[in-house]
>>> print(open('model-v1.csv').read())   # CSV, C-alpha atoms
chain,number,residue,atom,x,y,z
Q,815,MET,CA,-8.1,-26.4,-8.2
Q,816,GLY,CA,-4.8,-27.5,-6.8
Q,817,VAL,CA,-6.3,-28.9,-3.6
Q,818,ASP,CA,-5.0,-32.2,-2.4
Q,819,GLN,CA,-7.7,-34.8,-2.2
Q,820,SER,CA,-7.1,-37.9,-0.1
Q,821,ASN,CA,-10.6,-39.4,-0.5
Q,822,GLU,CA,-9.6,-42.1,-3.1
Q,823,ASN,CA,-7.0,-43.6,-0.8
Q,824,PHE,CA,-9.5,-44.5,1.8
Q,825,GLU,CA,-8.8,-48.0,3.4
Q,826,HIS,CA,-11.5,-49.8,5.2
Q,827,PRO,CA,-10.4,-51.8,8.2
Q,828,LEU,CA,-12.1,-54.8,6.7
Q,829,PHE,CA,-9.1,-55.2,4.4
Q,830,ASP,CA,-6.7,-55.9,7.3
Q,831,TYR,CA,-8.7,-59.0,8.2
Q,832,MET,CA,-9.1,-60.1,4.6
Q,833,GLU,CA,-5.4,-59.9,3.9
Q,834,LYS,CA,-4.7,-62.4,6.7
Q,835,ILE,CA,-6.9,-65.1,5.3
Q,836,PRO,CA,-5.0,-67.1,2.6
Q,837,GLY,CA,-6.6,-67.0,-0.7
Q,838,ALA,CA,-9.0,-64.3,0.2
Q,839,ASP,CA,-7.4,-61.8,-2.1
Q,840,ILE,CA,-9.8,-62.6,-4.7
Q,841,GLY,CA,-12.6,-61.7,-2.4
Q,842,LEU,CA,-11.1,-58.3,-1.9
Q,843,THR,CA,-12.2,-57.1,-5.3
Q,844,THR,CA,-15.7,-58.2,-4.6
Q,845,ALA,CA,-15.7,-56.6,-1.1
Q,846,ASP,CA,-14.4,-53.4,-2.8
Q,847,LYS,CA,-17.3,-53.4,-5.1
Q,848,VAL,CA,-19.7,-53.9,-2.2
Q,849,LEU,CA,-18.1,-51.1,-0.2
Q,850,SER,CA,-18.2,-48.8,-3.2
Q,851,TRP,CA,-21.8,-49.6,-3.8
Q,852,GLY,CA,-22.6,-49.0,-0.2
Q,853,ALA,CA,-20.7,-45.7,-0.1
Q,854,ARG,CA,-22.4,-44.2,-3.2
Q,855,ASN,CA,-25.9,-45.3,-2.2
Q,856,SER,CA,-25.8,-44.0,1.3
Q,857,LEU,CA,-24.7,-40.4,0.9
Q,858,TRP,CA,-25.7,-38.6,4.0
Q,859,VAL,CA,-25.8,-34.9,3.4
Q,860,PHE,CA,-24.8,-32.0,5.6
Q,861,PRO,CA,-26.7,-29.1,4.1
Q,862,MET,CA,-24.5,-26.0,4.4
Q,863,ALA,CA,-27.4,-23.9,3.4
Q,864,THR,CA,-26.7,-20.2,3.9
Q,865,SER,CA,-29.1,-18.5,1.4
Q,866,CYS,CA,-31.7,-19.1,-1.3
Q,867,CYS,CA,-30.0,-22.2,-2.7
Q,868,GLY,CA,-31.0,-23.8,0.6
Q,869,ILE,CA,-34.6,-23.5,-0.3
Q,870,GLU,CA,-34.0,-25.4,-3.5
Q,871,PHE,CA,-32.2,-28.0,-1.5
Q,872,MET,CA,-35.2,-28.3,0.7
Q,873,ALA,CA,-37.4,-28.7,-2.3
Q,874,THR,CA,-35.0,-31.4,-3.6
Q,875,ALA,CA,-35.2,-33.3,-0.3
Q,876,CYS,CA,-39.0,-33.0,-0.1
Q,877,GLY,CA,-41.7,-35.2,-1.6
Q,878,ARG,CA,-41.8,-34.1,-5.2
Q,879,PHE,CA,-38.2,-34.8,-6.0
Q,880,ASP,CA,-37.4,-37.0,-3.0
Q,881,LEU,CA,-33.7,-37.2,-2.6
Q,882,ASP,CA,-34.2,-40.2,-0.3
Q,883,ARG,CA,-34.6,-42.3,-3.4
Q,884,ILE,CA,-30.8,-42.6,-3.8
Q,885,GLY,CA,-30.3,-43.2,-0.1
Q,886,THR,CA,-29.5,-39.6,0.7
Q,887,VAL,CA,-30.5,-38.4,4.1
Q,888,ALA,CA,-30.0,-34.9,5.4
Q,889,ARG,CA,-28.4,-34.8,8.8
Q,890,GLY,CA,-28.0,-31.9,11.1
Q,891,THR,CA,-24.5,-32.8,12.3
Q,892,PRO,CA,-21.3,-33.1,10.3
Q,893,ARG,CA,-20.2,-36.1,12.3
Q,894,GLN,CA,-22.6,-38.4,10.6
Q,895,CYS,CA,-22.3,-37.1,7.0
Q,896,ASP,CA,-20.5,-38.0,3.9
Q,897,VAL,CA,-21.4,-35.1,1.6
Q,898,MET,CA,-21.4,-31.4,2.3
Q,899,VAL,CA,-23.7,-29.4,0.0
Q,900,ILE,CA,-22.6,-25.8,0.1
Q,901,ALA,CA,-25.8,-24.0,-0.9
Q,902,GLY,CA,-25.4,-20.3,-0.8
Q,903,THR,CA,-23.1,-17.3,-0.5
Q,904,ILE,CA,-20.1,-17.9,1.8
Q,905,THR,CA,-18.9,-14.7,3.3
Q,906,VAL,CA,-15.4,-14.1,4.7
Q,907,LYS,CA,-16.7,-14.4,8.2
Q,908,MET,CA,-18.5,-17.6,7.4
Q,909,ALA,CA,-15.6,-19.3,5.6
Q,910,PRO,CA,-13.6,-20.4,8.7
Q,911,ARG,CA,-16.8,-21.9,10.1
Q,912,VAL,CA,-17.5,-23.8,6.9
Q,913,LYS,CA,-13.9,-25.1,6.9
Q,914,LYS,CA,-14.2,-26.2,10.5
Q,915,LEU,CA,-17.4,-28.1,9.8
Q,916,TRP,CA,-15.7,-29.7,6.7
Q,917,ASP,CA,-12.8,-30.8,8.9
Q,918,MET,CA,-15.3,-32.3,11.4
Q,919,MET,CA,-16.7,-34.7,8.8
Q,920,PRO,CA,-15.2,-38.2,8.8
Q,921,GLU,CA,-13.5,-39.6,5.8
Q,922,PRO,CA,-14.5,-40.5,3.2
Q,923,LYS,CA,-16.2,-37.2,2.4
Q,924,TRP,CA,-17.2,-35.2,-0.7
Q,925,ALA,CA,-18.4,-31.7,-1.3
Q,926,ILE,CA,-20.9,-30.3,-3.8
Q,927,ALA,CA,-20.8,-26.6,-4.6
Q,928,MET,CA,-24.4,-25.7,-5.4
Q,929,GLY,CA,-25.2,-22.4,-7.1
Q,930,SER,CA,-23.2,-19.6,-8.6
Q,931,CYS,CA,-22.3,-18.0,-5.3
Q,932,ALA,CA,-20.7,-21.1,-3.9
Q,933,ILE,CA,-18.9,-21.8,-7.2
Q,934,SER,CA,-17.4,-18.4,-7.9
Q,935,GLY,CA,-19.1,-15.7,-5.8
Q,936,ASP,CA,-21.2,-14.7,-8.8
Q,937,PHE,CA,-22.3,-11.1,-8.7
Q,938,TYR,CA,-21.1,-10.8,-5.1
Q,939,ARG,CA,-17.6,-11.6,-6.3
Q,940,ASN,CA,-16.4,-8.1,-6.2
Q,941,ILE,CA,-17.9,-7.3,-2.8
Q,942,TYR,CA,-15.6,-6.8,0.1
Q,943,SER,CA,-17.1,-9.5,2.3
Q,944,VAL,CA,-17.7,-12.5,0.0
Q,945,VAL,CA,-15.4,-15.4,-0.8
Q,946,PRO,CA,-15.0,-15.8,-4.6
Q,947,GLY,CA,-15.8,-19.5,-4.6
Q,948,VAL,CA,-15.6,-22.1,-1.9
Q,949,ASP,CA,-12.9,-24.0,-3.8
Q,950,THR,CA,-10.4,-21.4,-2.7
Q,951,PHE,CA,-10.3,-22.9,0.8
Q,952,MET,CA,-11.7,-26.5,0.5
Q,953,PRO,CA,-11.9,-29.2,-2.1
Q,954,VAL,CA,-15.0,-29.5,-4.2
Q,955,ASP,CA,-16.0,-32.6,-6.1
Q,956,VAL,CA,-19.1,-31.5,-8.1
Q,957,TYR,CA,-20.1,-28.1,-9.2
Q,958,VAL,CA,-23.9,-27.6,-9.8
Q,959,PRO,CA,-24.3,-24.3,-11.6
Q,960,GLY,CA,-27.5,-22.2,-11.5
Q,961,CYS,CA,-28.9,-19.3,-9.6
Q,962,PRO,CA,-30.3,-21.2,-7.9
Q,963,PRO,CA,-30.2,-24.6,-9.6
Q,964,ASN,CA,-33.3,-26.6,-10.1
Q,965,PRO,CA,-33.9,-29.6,-8.0
Q,966,ASP,CA,-33.3,-31.6,-11.2
Q,967,HIS,CA,-29.9,-30.1,-11.5
Q,968,LEU,CA,-29.0,-30.9,-7.9
Q,969,PHE,CA,-30.2,-34.4,-8.5
Q,970,GLU,CA,-27.9,-34.6,-11.6
Q,971,GLY,CA,-25.1,-33.4,-9.4
Q,972,PHE,CA,-25.7,-36.3,-7.0
Q,973,LYS,CA,-25.8,-38.8,-9.8
Q,974,ARG,CA,-22.5,-37.5,-11.1
Q,975,LEU,CA,-21.0,-37.7,-7.6
Q,976,GLN,CA,-22.1,-41.3,-7.5
Q,977,ASP,CA,-20.4,-41.9,-10.8
Q,978,LYS,CA,-17.3,-40.3,-9.6
Q,979,ILE,CA,-17.1,-42.4,-6.4
Q,980,LYS,CA,-17.6,-45.5,-8.5
Q,981,ALA,CA,-14.9,-44.5,-11.0
Q,982,LYS,CA,-12.5,-43.6,-8.3
Q,983,ARG,CA,-12.9,-47.0,-6.5
Q,984,ASP,CA,-12.6,-48.8,-9.9
Q,985,GLY,CA,-9.5,-46.8,-10.8
Q,986,THR,CA,-11.1,-45.6,-14.0
Q,987,TRP,CA,-11.4,-42.0,-13.0
Q,988,VAL,CA,-10.0,-39.5,-15.5
Q,989,GLU,CA,-9.4,-35.9,-14.3
Q,990,PRO,CA,-11.4,-33.6,-16.5
Q,991,GLU,CA,-9.4,-31.2,-18.6
Q,992,GLU,CA,-9.4,-27.6,-17.7
Q,993,ARG,CA,-11.1,-25.8,-20.5
Q,994,PRO,CA,-10.2,-22.3,-21.4
Q,995,VAL,CA,-12.7,-19.7,-20.3
Q,996,THR,CA,-14.5,-18.4,-23.4
Q,997,GLY,CA,-17.2,-16.2,-21.9
Q,998,MET,CA,-17.0,-13.0,-20.0
Q,999,GLN,CA,-14.4,-13.1,-17.3
Q,1000,MET,CA,-14.8,-11.4,-14.0
Q,1001,PRO,CA,-13.8,-8.9,-12.9
Q,1002,SER,CA,-14.1,-6.8,-16.0
Q,1003,VAL,CA,-12.1,-4.1,-14.3
Q,1004,PRO,CA,-8.7,-5.0,-13.0
Q,1005,ARG,CA,-8.5,-5.2,-9.3
Q,1006,TYR,CA,-7.2,-2.4,-7.0
Q,1007,GLY,CA,-3.5,-2.6,-6.9
Q,1008,SER,CA,-3.1,-4.6,-10.1
Q,1009,PRO,CA,-0.6,-3.1,-12.5
Q,1010,ASP,CA,-3.1,-3.5,-15.3
Q,1011,ARG,CA,-5.5,-1.1,-13.6
Q,1012,ASP,CA,-6.1,2.2,-15.2
Q,1013,PRO,CA,-5.6,5.0,-12.6
Q,1014,ALA,CA,-8.6,6.7,-14.1
Q,1015,TYR,CA,-10.8,4.1,-12.4
Q,1016,ASP,CA,-9.6,5.2,-9.0
Q,1017,ALA,CA,-10.3,8.8,-9.9
Q,1018,ALA,CA,-13.7,7.9,-11.3
Q,1019,GLN,CA,-14.5,6.0,-8.1
Q,1020,LEU,CA,-13.5,9.0,-6.0
Q,1021,MET,CA,-15.6,11.2,-8.2
Q,1022,CYS,CA,-18.6,9.1,-7.9
Q,1023,THR,CA,-18.4,9.2,-4.1
Q,1024,GLN,CA,-18.3,12.9,-4.1
Q,1025,ASN,CA,-21.1,13.1,-6.6
Q,1026,MET,CA,-23.3,11.3,-4.1
Q,1027,HIS,CA,-23.0,14.2,-1.7
Q,1028,PRO,CA,-26.3,16.1,-1.9
Q,1029,GLY,CA,-25.0,19.5,-0.8
Q,1030,GLY,CA,-22.1,20.2,-3.2
Q,1031,ALA,CA,-21.6,17.9,-6.2
Q,1032,LEU,CA,-18.0,19.1,-6.8
Q,1033,LEU,CA,-16.0,17.4,-9.5
Q,1034,LYS,CA,-12.3,17.6,-9.5
Q,1035,GLU,CA,-10.9,19.3,-12.6
Q,1036,GLY,CA,-8.9,17.2,-14.9
Q,1037,VAL,CA,-10.6,13.9,-14.1
Q,1038,VAL,CA,-11.8,12.1,-17.2
Q,1039,LEU,CA,-14.1,9.1,-17.0
Q,1040,PRO,CA,-12.7,6.0,-18.5
Q,1041,GLN,CA,-14.1,5.7,-22.0
Q,1042,PRO,CA,-14.7,2.4,-23.8
Q,1043,ALA,CA,-12.3,1.6,-26.6
Q,1044,PRO,CA,-13.6,2.7,-30.1
Q,1045,PRO,CA,-15.0,-0.1,-32.2
Q,1046,PRO,CA,-12.7,-1.3,-35.0
Q,1047,GLU,CA,-13.3,0.2,-38.4
Q,1048,PRO,CA,-15.1,-2.1,-40.8
Q,1049,PRO,CA,-12.9,-3.3,-43.7
Q,1050,ALA,CA,-13.0,-1.0,-46.7
Q,1051,GLU,CA,-15.2,-2.3,-49.5
Q,1052,PRO,CA,-13.5,-3.0,-52.9
Q,1053,ALA,CA,-13.9,-0.2,-55.3
Q,1054,ASP,CA,-15.5,-2.2,-58.1
Q,1055,GLY,CA,-17.5,-4.6,-55.8
Q,1056,GLY,CA,-21.2,-4.7,-55.2
Q,1057,GLU,CA,-22.3,-5.3,-58.7
Q,1058,SER,CA,-24.2,-8.5,-59.5
D,911,MET,CA,-44.6,13.8,5.5
D,912,THR,CA,-46.3,15.6,8.3
D,913,TRP,CA,-44.9,15.1,11.8
D,914,PRO,CA,-47.0,14.8,14.9
D,915,ILE,CA,-48.1,18.2,16.1
D,916,ASP,CA,-47.0,17.7,19.7
D,917,ALA,CA,-43.6,16.5,18.7
D,918,GLU,CA,-43.2,19.4,16.2
D,919,LYS,CA,-44.2,21.8,19.0
D,920,LEU,CA,-41.7,20.2,21.4
D,921,CYS,CA,-38.8,20.6,18.9
D,922,THR,CA,-39.6,24.1,17.7
D,923,GLU,CA,-40.7,25.8,21.0
D,924,ARG,CA,-38.6,24.1,23.7
D,925,PHE,CA,-35.4,23.2,21.7
D,926,GLY,CA,-35.6,25.8,18.9
D,927,LEU,CA,-35.0,23.3,16.1
D,928,GLU,CA,-36.0,23.5,12.5
D,929,LEU,CA,-37.9,20.5,11.1
D,930,CYS,CA,-37.0,19.0,7.7
D,931,GLU,CA,-39.8,17.5,5.8
D,932,THR,CA,-38.1,14.2,5.2
D,933,GLU,CA,-35.5,13.8,7.8
D,934,GLY,CA,-37.2,15.4,10.8
D,935,ALA,CA,-35.5,17.7,13.3
D,936,GLY,CA,-31.8,18.5,13.0
D,937,VAL,CA,-30.4,18.5,16.5
D,938,ASP,CA,-27.0,19.3,17.9
D,939,ARG,CA,-25.2,16.5,19.6
D,940,THR,CA,-25.2,18.3,23.0
D,941,GLN,CA,-29.1,18.3,22.9
D,942,LEU,CA,-29.5,14.9,21.6
D,943,ILE,CA,-30.0,13.0,24.9
D,944,GLU,CA,-32.3,15.7,26.2
D,945,LEU,CA,-34.5,15.6,23.1
D,946,ALA,CA,-34.6,11.8,23.1
D,947,THR,CA,-35.5,11.6,26.7
D,948,ALA,CA,-38.4,14.1,26.2
D,949,LEU,CA,-39.6,12.2,23.2
D,950,LYS,CA,-39.6,8.9,25.1
D,951,ASN,CA,-41.0,10.0,28.4
D,952,GLU,CA,-43.4,12.8,27.5
D,953,LEU,CA,-44.6,11.9,24.1
D,954,GLU,CA,-44.5,8.1,24.4
D,955,PHE,CA,-42.3,7.4,21.5
D,956,GLY,CA,-41.4,4.0,22.9
D,957,PHE,CA,-40.6,2.1,19.7
D,958,PHE,CA,-37.1,2.6,18.3
D,959,VAL,CA,-37.3,1.9,14.5
D,960,TYR,CA,-33.7,2.4,13.4
D,961,VAL,CA,-30.5,4.4,13.6
D,962,VAL,CA,-28.6,4.9,10.3
D,963,SER,CA,-25.3,6.6,9.8
D,964,VAL,CA,-24.3,8.0,6.4
D,965,HIS,CA,-20.7,9.1,5.8
D,966,TYR,CA,-20.0,12.1,3.6
D,967,PRO,CA,-16.4,12.8,2.5
D,968,ALA,CA,-14.9,16.3,2.9
D,969,VAL,CA,-15.7,18.8,0.3
D,970,GLU,CA,-12.9,21.3,-0.5
D,971,PRO,CA,-13.8,25.0,-0.6
D,972,ILE,CA,-13.9,26.6,-4.0
D,973,GLU,CA,-13.1,30.2,-4.8
D,974,ALA,CA,-15.2,32.5,-6.9
D,975,ASP,CA,-14.1,32.6,-10.5
D,976,GLU,CA,-15.6,35.3,-12.7
D,977,GLU,CA,-14.3,33.8,-15.9
D,978,LYS,CA,-16.0,30.5,-15.4
D,979,GLY,CA,-19.0,32.0,-13.6
D,980,THR,CA,-18.6,29.9,-10.4
D,981,GLU,CA,-19.5,31.2,-7.0
D,982,ALA,CA,-17.5,30.7,-3.9
D,983,ALA,CA,-18.6,27.9,-1.6
D,984,PRO,CA,-17.3,27.0,1.8
D,985,GLY,CA,-15.7,23.6,2.4
D,986,ILE,CA,-17.4,20.9,4.4
D,987,PRO,CA,-15.4,18.7,6.7
D,988,ASP,CA,-15.5,14.9,6.7
D,989,ARG,CA,-18.5,13.9,8.7
D,990,THR,CA,-21.2,11.3,9.5
D,991,VAL,CA,-24.9,12.1,9.6
D,992,VAL,CA,-26.8,9.9,12.1
D,993,HIS,CA,-30.5,9.5,11.4
D,994,TYR,CA,-32.9,8.2,14.1
D,995,ARG,CA,-36.5,7.2,13.5
D,996,LEU,CA,-39.1,6.6,16.2
D,997,ARG,CA,-42.6,5.3,16.3
D,998,ARG,CA,-45.4,5.4,18.9
D,999,LEU,CA,-48.1,2.7,18.6
D,1000,ALA,CA,-51.8,3.5,18.2
D,1001,THR,CA,-54.0,4.1,21.2
D,1002,ASP,CA,-57.7,4.9,21.3
D,1003,ASP,CA,-57.0,8.6,20.8
D,1004,ARG,CA,-54.5,8.6,17.9
D,1005,PRO,CA,-53.2,6.4,15.2
D,1006,THR,CA,-49.6,5.1,14.9
D,1007,GLU,CA,-47.3,8.0,14.3
D,1008,CYS,CA,-43.6,8.3,13.6
D,1009,PHE,CA,-40.9,10.9,14.2
D,1010,ALA,CA,-37.4,11.4,13.1
D,1011,PHE,CA,-34.4,13.5,14.0
D,1012,PHE,CA,-30.8,13.5,12.9
D,1013,THR,CA,-27.5,14.9,14.1
D,1014,VAL,CA,-24.1,15.6,12.4
D,1015,VAL,CA,-21.0,14.0,13.8
D,1016,PRO,CA,-17.6,15.2,12.5
D,1017,THR,CA,-15.2,12.4,11.9
D,1018,GLY,CA,-13.0,11.8,14.9
D,1019,GLU,CA,-15.7,12.8,17.4
D,1020,SER,CA,-18.3,10.7,19.1
D,1021,CYS,CA,-22.1,10.7,19.1
D,1022,PRO,CA,-24.0,10.2,22.4
D,1023,SER,CA,-25.6,6.7,22.6
D,1024,VAL,CA,-29.3,6.4,23.1
D,1025,SER,CA,-29.1,2.7,24.1
D,1026,SER,CA,-29.8,3.7,27.7
D,1027,ILE,CA,-33.1,5.2,26.6
D,1028,TRP,CA,-34.2,2.6,24.0
D,1029,ALA,CA,-32.7,-0.8,24.6
D,1030,GLY,CA,-33.3,-1.6,20.9
D,1031,ALA,CA,-30.7,0.9,19.9
D,1032,ASP,CA,-27.9,-1.2,21.3
D,1033,TRP,CA,-27.2,-3.6,18.5
D,1034,GLN,CA,-28.1,-1.1,15.8
D,1035,GLU,CA,-25.5,1.3,17.1
D,1036,ARG,CA,-23.0,-1.5,17.1
D,1037,GLU,CA,-23.9,-2.2,13.4
D,1038,GLN,CA,-23.5,1.5,12.5
D,1039,PHE,CA,-20.1,1.5,14.3
D,1040,ASP,CA,-19.1,-1.6,12.4
D,1041,LEU,CA,-20.1,-0.6,8.9
D,1042,VAL,CA,-19.8,3.2,8.9
D,1043,GLY,CA,-17.4,3.9,11.8
D,1044,THR,CA,-19.5,6.2,13.9
D,1045,VAL,CA,-18.3,6.1,17.5
D,1046,PHE,CA,-21.2,6.1,20.1
D,1047,ALA,CA,-20.0,7.4,23.5
D,1048,ASP,CA,-21.3,5.7,26.6
D,1049,HIS,CA,-22.3,2.6,24.7
D,1050,PRO,CA,-22.2,-0.5,26.9
D,1051,ASP,CA,-20.5,-2.8,24.5
D,1052,LEU,CA,-19.3,-1.1,21.3
D,1053,ARG,CA,-17.5,-3.7,19.2
D,1054,ARG,CA,-18.0,-5.2,15.7
D,1055,ILE,CA,-21.2,-7.1,15.2
D,1056,MET,CA,-21.2,-8.1,11.5
D,1057,MET,CA,-17.7,-8.1,10.1
D,1058,PRO,CA,-14.9,-10.3,11.4
D,1059,GLU,CA,-13.2,-8.9,14.5
D,1060,ASP,CA,-9.9,-8.2,12.8
D,1061,TRP,CA,-11.4,-6.5,9.8
D,1062,PRO,CA,-9.6,-3.3,8.7
D,1063,GLY,CA,-11.7,-0.2,8.1
D,1064,HIS,CA,-15.4,0.3,7.9
D,1065,PRO,CA,-16.9,-0.9,4.6
D,1066,LEU,CA,-19.7,1.5,4.0
D,1067,ARG,CA,-17.6,4.6,4.3
D,1068,ARG,CA,-17.3,6.5,1.0
D,1069,ASP,CA,-13.5,6.5,1.1
D,1070,TYR,CA,-13.4,2.7,1.4
D,1071,ALA,CA,-12.1,1.2,-1.8
D,1072,ILE,CA,-14.6,-1.5,-2.8
D,1073,ASP,CA,-12.1,-3.9,-4.3
D,1074,THR,CA,-9.3,-3.5,-1.7
D,1075,GLN,CA,-7.3,-6.7,-1.3
D,1076,HIS,CA,-7.9,-7.7,2.2
D,1077,PHE,CA,-7.6,-11.5,2.3
D,1078,PRO,CA,-5.5,-14.2,0.7
D,1079,TRP,CA,-8.5,-15.3,-1.3
D,1080,ARG,CA,-8.4,-12.1,-3.4
>>> encode(input="model-v1.csv", output="structure tokens")
Amino acid sequence: MGVDQSNENFEHPLFDYMEKIPGADIGLTTADKVLSWGARNSLWVFPMATSCCGIEFMATACGRFDLDRIGTVARGTPRQCDVMVIAGTITVKMAPRVKKLWDMMPEPKWAIAMGSCAISGDFYRNIYSVVPGVDTFMPVDVYVPGCPPNPDHLFEGFKRLQDKIKAKRDGTWVEPEERPVTGMQMPSVPRYGSPDRDPAYDAAQLMCTQNMHPGGALLKEGVVLPQPAPPPEPPAEPADGGES
Amino acid sequence: MTWPIDAEKLCTERFGLELCETEGAGVDRTQLIELATALKNELEFGFFVYVVSVHYPAVEPIEADEEKGTEAAPGIPDRTVVHYRLRRLATDDRPTECFAFFTVVPTGESCPSVSSIWAGADWQEREQFDLVGTVFADHPDLRRIMMPEDWPGHPLRRDYAIDTQHFPWR
């Protein structure tokens, strides 16, 4: 999403010693594989759980699904963690705190956006206090969609993160293409202040607020509610068609 | 809902108030502290349930029009209605009972704070100030509690545009 990621250029201090030894360059590739293997099999998680997705994260970490199988341990401090799982709605007031915790985590680090709210804001997207997606202020590696996602889905997200770490260390990582959005795009109504916005929406909003008044439901004259576009007419049938 | 008899008697006889069936007694702002103190000390309403503000926008007056058949109606200024709800816990003599009263605060004026009577009203009044914009006079610490400190406006007012662009994320 246009956010610079410096994770893949991580240099371990072990390389400085290896380069001084003559003939040890060959060992560097092996050491690199070992480091990559260690990195992707000891993903310690910082659960940034703010709402119901956090419950699913707890279920993933508990006995039935057992996230510990892939060396993933949940820690309560960002200083010891590699992966931040943003599970839940991030509000405008919470976003600076999330960014601060993200900056506290040592490199290399990755982020998983879990659930619709963390990915795009979902149905809170148009609310005044919710950030429309955490990738607007921090980099995200893996998106796990769902509302909330199953533990299976989160597990799949961890597996994909492992694949990504491996591919980045090997140099075989290919950035996925940005696919065009085919489904419904939000917001369906253009935002306030946008030139595409119909002024009738503003009037309708004002009218709705006055309608909520129990004493006098006064409607301003001349205000017309925005009407949906008429459906296109079906193509005319041929005059001599229909016979079989 | 039927209100407790002694509370109803207190409102109608001593303060001369009318009781609404759903919202309780409508009290003027000048009598609010007096009524609240009497309810707390004399009638043992010690449990403060909530205070809720509702903002209503101004309604313009309309003139009578014989052609359309409309009647004249006076205008109503921009105002906030503050609802209070109290409860007293059960004793051997009576069950748990609740009582409610409300007051109307025009926009630009302040409502007396009851946080000196019920300590539980402190943060709830801060919340109502934050979201609806009702100013509570004599409140010990009236500042925002839920929204960020530099937030413009009060989100639950009727004239607050829902999709106003406030932040660079939008």
>>> residues_around(input="model-v1.csv", residues="Gln941 of chain D", least_positions_apart="4", cutoff="12 Å", atoms="only C-alpha atoms", output="list in words")
Cys921, Arg924, Phe925, Gly926, Leu927, Ala935, Gly936, Val937, Leu945, Ala946, Thr947, Ala948, Phe1011, Phe1012, Thr1013, Val1014, Cys1021, Pro1022 and Val1024 of chain D
>>> residues_around(input="model-v1.csv", residues="segment 863-871 of chain Q", least_positions_apart="6", cutoff="6 Å", atoms="only C-alpha atoms", output="ChimeraX atom specification")
/Q:901-902,962
>>> closest_residue(input="model-v1.csv", among="D:Arg989, D:Arg1004, D:Arg939, D:Lys919", to="chain Q", atoms="all atoms listed in the file")
D:Arg989
>>> closest_residue(input="model-v1.csv", among="D:Thr940, D:Ser1023, D:Thr922, D:Thr980", to="chain Q", atoms="all atoms listed in the file")
D:Thr980
>>> atom_distance(input="model-v1.csv", atom1="atom CA of Tyr1070 of chain D", atom2="atom CA of Pro984 of chain D")
24.6 Å
>>> residues_near_point(input="model-v1.csv", point="(-37.5, 11.3, 18.7)", cutoff="10 Å", atoms="all atoms listed in the file", output="list in words")
Ala917, Cys921, Gly934, Ala935, Leu942, Ile943, Leu945, Ala946, Thr947, Ala948, Leu949, Lys950, Leu953, Glu954, Phe955, Gly956, Phe957, Phe958, Tyr994, Arg995, Leu996, Arg997, Arg998, Cys1008, Phe1009, Ala1010, Phe1011 and Phe1012 of chain D
>>> atom_distance(input="model-v1.csv", atom1="atom CA of Gly947 of chain Q", atom2="atom CA of Met908 of chain Q")
12.4 Å
>>> closest_residue(input="model-v1.csv", among="D:Gly1030, D:Gly1063, D:Pro1005, D:Pro1058", to="chain Q", atoms="only C-alpha atoms")
D:Pro1058
